[in-house]
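K.L.:
Structure provided below as structure tokens; questions to follow.
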Amino acid sequence: MRFWKTDTAAQDGTDAASASTSGAYSTPVPPTELKWELSTQGLTTQYKSFYFTFEDGSAGYFQFAYGNLGILVKVAPMGWTLYTPGTDAIVGSQTLHASSMHISRDQYSVTIGSHSLSMREDCSGWTACIKDPAVTYNLEFDIESECFAGYNLGASSSKRHLRHRIVPVVKVRGTVEAHGKLVEVNGQGTYIEAFFTHVKFTDLCNSFANFQLRSPDSSKVLTMLHYIPRGLDESHQISQGSYTENGKVVAIAQDNKLAHADLVKHAPSGYMIPTSSTLSWRGSTLEGKSFDAQVQLPLGEPSSVTDVLSIFPSFFKDIVKIWAGLPFVFCWRVPDTRASIHIDGVAHNFEGLSNTELTHVHLN
């Protein structure tokens with residue numbers, strides 16, 4: 001297996017065992033490995049998300065997820081959005097018991113009620129169907145760039161396993177039915193997957209953020225997956241970032257920072273959430289050149305909010321949150337986000353639509 005250099009990573013030629021014990025590392029991943037892995041022993045969380053923008057200016061997102069929170073609490077949360085210029089945003093979510101989630105024998109496909117996500121036999125992409133009273137997605141996603149994975153990401157114990165997989169560029173086509181219209185769509189998007197095992201994600205972190213910024217033609221994509229560990233202050237941050245140009249992964253960065261500002265209280269959950277954020281990346285390209293990036297992000301009001309444990313009545317939620325936390329997912333969609341990027345001092349700046357997810361897990 002080939003390993004890409006990161007700030008704390010193993011070098012090319014290092015075997016997987018020594019790489020995983022020496023810290024976080026990144027490696028290319030073939031699409032054949034993008035399976036559901038819910039049979040893994042121990043507490044497991046896995047989610048698969050797609051973010052996309054269509055040629056008509058509309059944009060959306062959907063996510064399939066599974067979480068084993070311990071003591072027989074297993075959930076299958078989902079979320080989806082559609083933003084169309086000149087119309088009201090459509091924001092939907094549901095959280096069902098994991099028994100409603102059906103994984104195919106080959107582990108490439110999932111069905112939750114009327115929603116489904118299936119990888120093609122040749123692993124060149126996915127077919128997705130989201131059926132909601134407000135919006136129906138029937139979409140095809142084609143893999144258009146390299147896929148890579150980051151492993152461990154600062155885990156303090158070899159028994160804790162964290163993994164982040166991303167396909168920075170996917171082509172999307174199909175149909176969208178919303179606002180009384182059925183339209184054919186074409187566009188670009190990003191696929192992101194996260195996986196945690198041996199520890200429930202609610203013990204892993206107090207909060208984590210998922211950020212993607214794509215240029216209008218997806219020729220440039222900047223990403224960050226960022227954690228603030230449970231029991232530690234915000235100076236201890238775990239991060240995995242990437243920069244892609246023209247379908248090729250250019251840089252991997254783990255010396256990253258995320259600072260939230262202008263916090264306000266979200267009354268339904270009790271969490272403090274930002275109205276602006278600053279993100280910074282520092283690392284090296286795969287060719288060994290210096291790499292840094294910065295984004296100043298005006299957030300404002302969240303585009304959507306999901307209560308992951310909404311399946312449970314309030315009295316039972318009060319009991320569950322003692323050991324499982326109280327996860328809420330806050331999402332922001334910010335057009336005209338600007339990234340300042342330098343590679344060996346040469347500017348690679350760009351603007352585009354950004355998507356930010358902030359998941360708070362514990363109130364204190």
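Please note that chains go A, B, ... in the order of the structure tokens, that every chain numbers its residues from 1, and that ligands are numbered from 1 in the order shown.
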At a cut-off of 9 Å, using only C-alpha atoms, what residues contact A:Asp132? Leave out same-chain residues fewer than 6 positions from it and give the result as a short mmCIF file (atom, residue, chain, number, x, y, z; two decimals) with N, CA and C atoms, in the first residue's frame.

P.N.:
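In the end it all went to selection25.cif:
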data_model
loop_
_atom_site.label_atom_id
_atom_site.label_comp_id
_atom_site.auth_asym_id
_atom_site.auth_seq_id
_atom_site.Cartn_x
_atom_site.Cartn_y
_atom_site.Cartn_z
N GLY A 92 -34.97 18.77 5.14
CA GLY A 92 -35.63 17.61 5.71
C GLY A 92 -34.67 16.72 6.46
N SER A 114 -38.10 4.69 2.14
CA SER A 114 -38.21 4.97 0.71
C SER A 114 -36.93 5.57 0.13
N HIS A 115 -35.87 5.68 0.95
CA HIS A 115 -34.62 6.27 0.51
C HIS A 115 -33.59 5.17 0.23
#

K.L.:
So that I can check the surroundings of A:Ile343, please list as a ChimeraX atom specification every protein, DNA and RNA residue that reaches within 8 Å of it, counting only C-alpha atoms and ignoring chain neighbours fewer than 6 positions away.

P.N.:
/A:285,289-292

K.L.:
For those residues, write N, CA and C atoms to a file as a PDB file, in the first residue's frame.

P.N.:
ATOM      1  N   THR A 285       2.385  19.712  -0.172  1.00  0.00           N
ATOM      2  CA  THR A 285       1.817  19.012  -1.312  1.00  0.00           C
ATOM      3  C   THR A 285       2.409  17.622  -1.389  1.00  0.00           C
ATOM      4  N   LYS A 289       6.091  20.420  -1.612  1.00  0.00           N
ATOM      5  CA  LYS A 289       6.078  21.876  -1.576  1.00  0.00           C
ATOM      6  C   LYS A 289       5.230  22.363  -0.400  1.00  0.00           C
ATOM      7  N   SER A 290       5.551  23.570   0.093  1.00  0.00           N
ATOM      8  CA  SER A 290       4.769  24.120   1.205  1.00  0.00           C
ATOM      9  C   SER A 290       3.354  24.450   0.747  1.00  0.00           C
ATOM     10  N   PHE A 291       2.393  24.268   1.637  1.00  0.00           N
ATOM     11  CA  PHE A 291       0.991  24.505   1.338  1.00  0.00           C
ATOM     12  C   PHE A 291       0.328  25.173   2.527  1.00  0.00           C
ATOM     13  N   ASP A 292      -0.395  26.258   2.274  1.00  0.00           N
ATOM     14  CA  ASP A 292      -1.210  26.866   3.324  1.00  0.00           C
ATOM     15  C   ASP A 292      -2.451  27.478   2.697  1.00  0.00           C
TER      16      ASP A 292
END

K.L.:
Using only C-alpha atoms, which protein or nucleic acid residues come within 7 Å of A:Gly150? Drop anything in the same chain fewer than 5 positions from it, and give the result as an mmCIF file with C-alpha atoms, in the first residue's frame.

P.N.:
data_model
loop_
_atom_site.group_PDB
_atom_site.id
_atom_site.type_symbol
_atom_site.label_atom_id
_atom_site.label_comp_id
_atom_site.auth_asym_id
_atom_site.auth_seq_id
_atom_site.Cartn_x
_atom_site.Cartn_y
_atom_site.Cartn_z
ATOM 1 C CA TYR A 25 -1.541 9.004 7.730
ATOM 2 C CA SER A 26 -3.248 9.267 4.357
ATOM 3 C CA THR A 27 -3.394 6.930 1.415
ATOM 4 C CA ARG A 163 -11.153 7.262 9.154
ATOM 5 C CA HIS A 164 -12.134 9.991 6.731
ATOM 6 C CA ARG A 165 -12.650 9.149 3.035
ATOM 7 C CA GLN A 240 -7.635 16.253 8.172
#

K.L.:
For stretch 347-362 of chain A, find every residue with an atom within 8 Å (counting only C-alpha atoms), except residues of its own chain fewer than 4 positions away, and show them as a PyMOL selection string.

P.N.:
chain A and resi 51+202+205-216+220+271+325-343

K.L.:
Within 8 Å of A:Gly79, counting only C-alpha atoms, which residues show up once you throw out same-chain ones fewer than 6 positions away? Write them as a PyMOL selection string, please.

P.N.:
chain A and resi 61-64+91-94+306

K.L.:
Skipping near chain neighbours, those fewer than 5 positions away, what residues fall within 9 Å of A:Lys35 using only C-alpha atoms, listed as a PDB file with N, CA and C atoms, in the first residue's frame?

P.N.:
ATOM      1  N   ASP A 106     -23.368  -7.327  -0.447  1.00  0.00           N
ATOM      2  CA  ASP A 106     -22.024  -6.902  -0.847  1.00  0.00           C
ATOM      3  C   ASP A 106     -21.582  -5.618  -0.138  1.00  0.00           C
ATOM      4  N   GLN A 107     -22.442  -5.035   0.706  1.00  0.00           N
ATOM      5  CA  GLN A 107     -22.155  -3.882   1.554  1.00  0.00           C
ATOM      6  C   GLN A 107     -21.969  -2.574   0.770  1.00  0.00           C
ATOM      7  N   TYR A 108     -22.403  -2.554  -0.479  1.00  0.00           N
ATOM      8  CA  TYR A 108     -22.280  -1.344  -1.282  1.00  0.00           C
ATOM      9  C   TYR A 108     -23.562  -0.511  -1.304  1.00  0.00           C
ATOM     10  N   SER A 109     -24.672  -1.047  -0.849  1.00  0.00           N
ATOM     11  CA  SER A 109     -25.959  -0.370  -0.996  1.00  0.00           C
ATOM     12  C   SER A 109     -26.712  -0.338   0.334  1.00  0.00           C
ATOM     13  N   MET A 119     -24.191   1.640  -4.883  1.00  0.00           N
ATOM     14  CA  MET A 119     -23.008   1.769  -5.716  1.00  0.00           C
ATOM     15  C   MET A 119     -23.131   0.834  -6.906  1.00  0.00           C
TER      16      MET A 119
END

K.L.:
When you count only C-alpha atoms, which of these residues is closest to A:Ala293: A:Asp307, A:Pro268, A:Gly345, A:Val249?

P.N.:
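When distances to A:Ala293 are compared using only C-alpha atoms, the smallest one comes from A:Gly345.
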
K.L.:
So how many Å separate atom CA of A:Asn68 and atom CA of A:Ser116, to one decimal?

P.N.:
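It comes out at 20.3 Å.
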
K.L.:
Which residue, A:Leu299, A:Leu258, A:Met78, A:Ile228, has the smallest gap to A:Leu279 when you use only C-alpha atoms?

P.N.:
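Among A:Leu299, A:Leu258, A:Met78, A:Ile228, it is A:Leu258 that comes nearest to A:Leu279.
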
K.L.:
Determine which residues of stretch 47-254 of chain A DSSP labels as strand (DSSP E) from the backbone of this structure, then write them out as a ChimeraX atom specification.

P.N.:
/A:47-54,59-68,74-83,90-97,101-103,109-112,115-119,125-131,135-143,148-151,161-178,181-197,205-214,220-229,238-245,248-253

K.L.:
Restricting the calculation to only C-alpha atoms: of A:His226, A:Lys74, A:His179, A:His266, which residue gets closest to A:Asp88?

P.N.:
A:His179

K.L.:
Applying 8 Å and only C-alpha atoms, which residues near A:Lys48 remain after dropping the ones on its own chain fewer than 3 positions away? List them as a PyMOL selection string.

P.N.:
chain A and resi 63-65+191-194

K.L.:
Rounded to one decimal place, report the atom CA of A:Val135-atom CA of A:Ala89 distance in Å.

P.N.:
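Result for atom CA of A:Val135 versus atom CA of A:Ala89: 10.5 Å, one decimal.
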
K.L.:
Go through A:Ala128, A:Leu297, A:Leu263, A:Val176 and flag the residue nearest A:Val110, using only C-alpha atoms for the distances.

P.N.:
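Using only C-alpha atoms, the shortest distance to A:Val110 belongs to A:Ala128.
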
K.L.:
Pull the helix (DSSP H, G or I) assignments for stretch 254-343 of chain A out of DSSP run on the backbone, and list those residues as a ChimeraX atom specification.

P.N.:
/A:314-324

K.L.:
Any chance you could export the current selection's N, CA and C atoms as a PDB file, in the first residue's frame?

P.N.:
ATOM      1  N   SER A 314     -38.927  12.992  24.816  1.00  0.00           N
ATOM      2  CA  SER A 314     -38.051  13.860  25.608  1.00  0.00           C
ATOM      3  C   SER A 314     -37.599  13.221  26.918  1.00  0.00           C
ATOM      4  N   PHE A 315     -38.472  12.491  27.592  1.00  0.00           N
ATOM      5  CA  PHE A 315     -38.091  11.903  28.874  1.00  0.00           C
ATOM      6  C   PHE A 315     -37.006  10.838  28.685  1.00  0.00           C
ATOM      7  N   PHE A 316     -37.102  10.065  27.568  1.00  0.00           N
ATOM      8  CA  PHE A 316     -36.097   9.039  27.322  1.00  0.00           C
ATOM      9  C   PHE A 316     -34.804   9.674  26.819  1.00  0.00           C
ATOM     10  N   LYS A 317     -34.920  10.774  26.057  1.00  0.00           N
ATOM     11  CA  LYS A 317     -33.734  11.483  25.570  1.00  0.00           C
ATOM     12  C   LYS A 317     -32.900  11.987  26.748  1.00  0.00           C
ATOM     13  N   ASP A 318     -33.573  12.426  27.821  1.00  0.00           N
ATOM     14  CA  ASP A 318     -32.856  12.899  28.999  1.00  0.00           C
ATOM     15  C   ASP A 318     -32.020  11.790  29.628  1.00  0.00           C
ATOM     16  N   ILE A 319     -32.512  10.556  29.508  1.00  0.00           N
ATOM     17  CA  ILE A 319     -31.754   9.419  30.030  1.00  0.00           C
ATOM     18  C   ILE A 319     -30.619   9.060  29.076  1.00  0.00           C
ATOM     19  N   VAL A 320     -30.934   8.989  27.774  1.00  0.00           N
ATOM     20  CA  VAL A 320     -29.938   8.588  26.776  1.00  0.00           C
ATOM     21  C   VAL A 320     -28.748   9.529  26.760  1.00  0.00           C
ATOM     22  N   LYS A 321     -29.001  10.834  26.923  1.00  0.00           N
ATOM     23  CA  LYS A 321     -27.906  11.803  26.770  1.00  0.00           C
ATOM     24  C   LYS A 321     -26.867  11.675  27.880  1.00  0.00           C
ATOM     25  N   ILE A 322     -27.185  10.965  28.977  1.00  0.00           N
ATOM     26  CA  ILE A 322     -26.214  10.787  30.053  1.00  0.00           C
ATOM     27  C   ILE A 322     -24.990  10.037  29.544  1.00  0.00           C
ATOM     28  N   TRP A 323     -25.206   9.003  28.708  1.00  0.00           N
ATOM     29  CA  TRP A 323     -24.061   8.251  28.188  1.00  0.00           C
ATOM     30  C   TRP A 323     -23.825   8.467  26.697  1.00  0.00           C
ATOM     31  N   ALA A 324     -24.840   8.924  25.987  1.00  0.00           N
ATOM     32  CA  ALA A 324     -24.698   9.057  24.542  1.00  0.00           C
ATOM     33  C   ALA A 324     -24.550  10.497  24.076  1.00  0.00           C
TER      34      ALA A 324
END

K.L.:
Using only C-alpha atoms, find the one residue out of A:Arg173, A:Thr53, A:Ile238, A:Leu117 that sits nearest to A:Ser218.

P.N.:
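Among the listed residues, A:Thr53 lies closest to A:Ser218.
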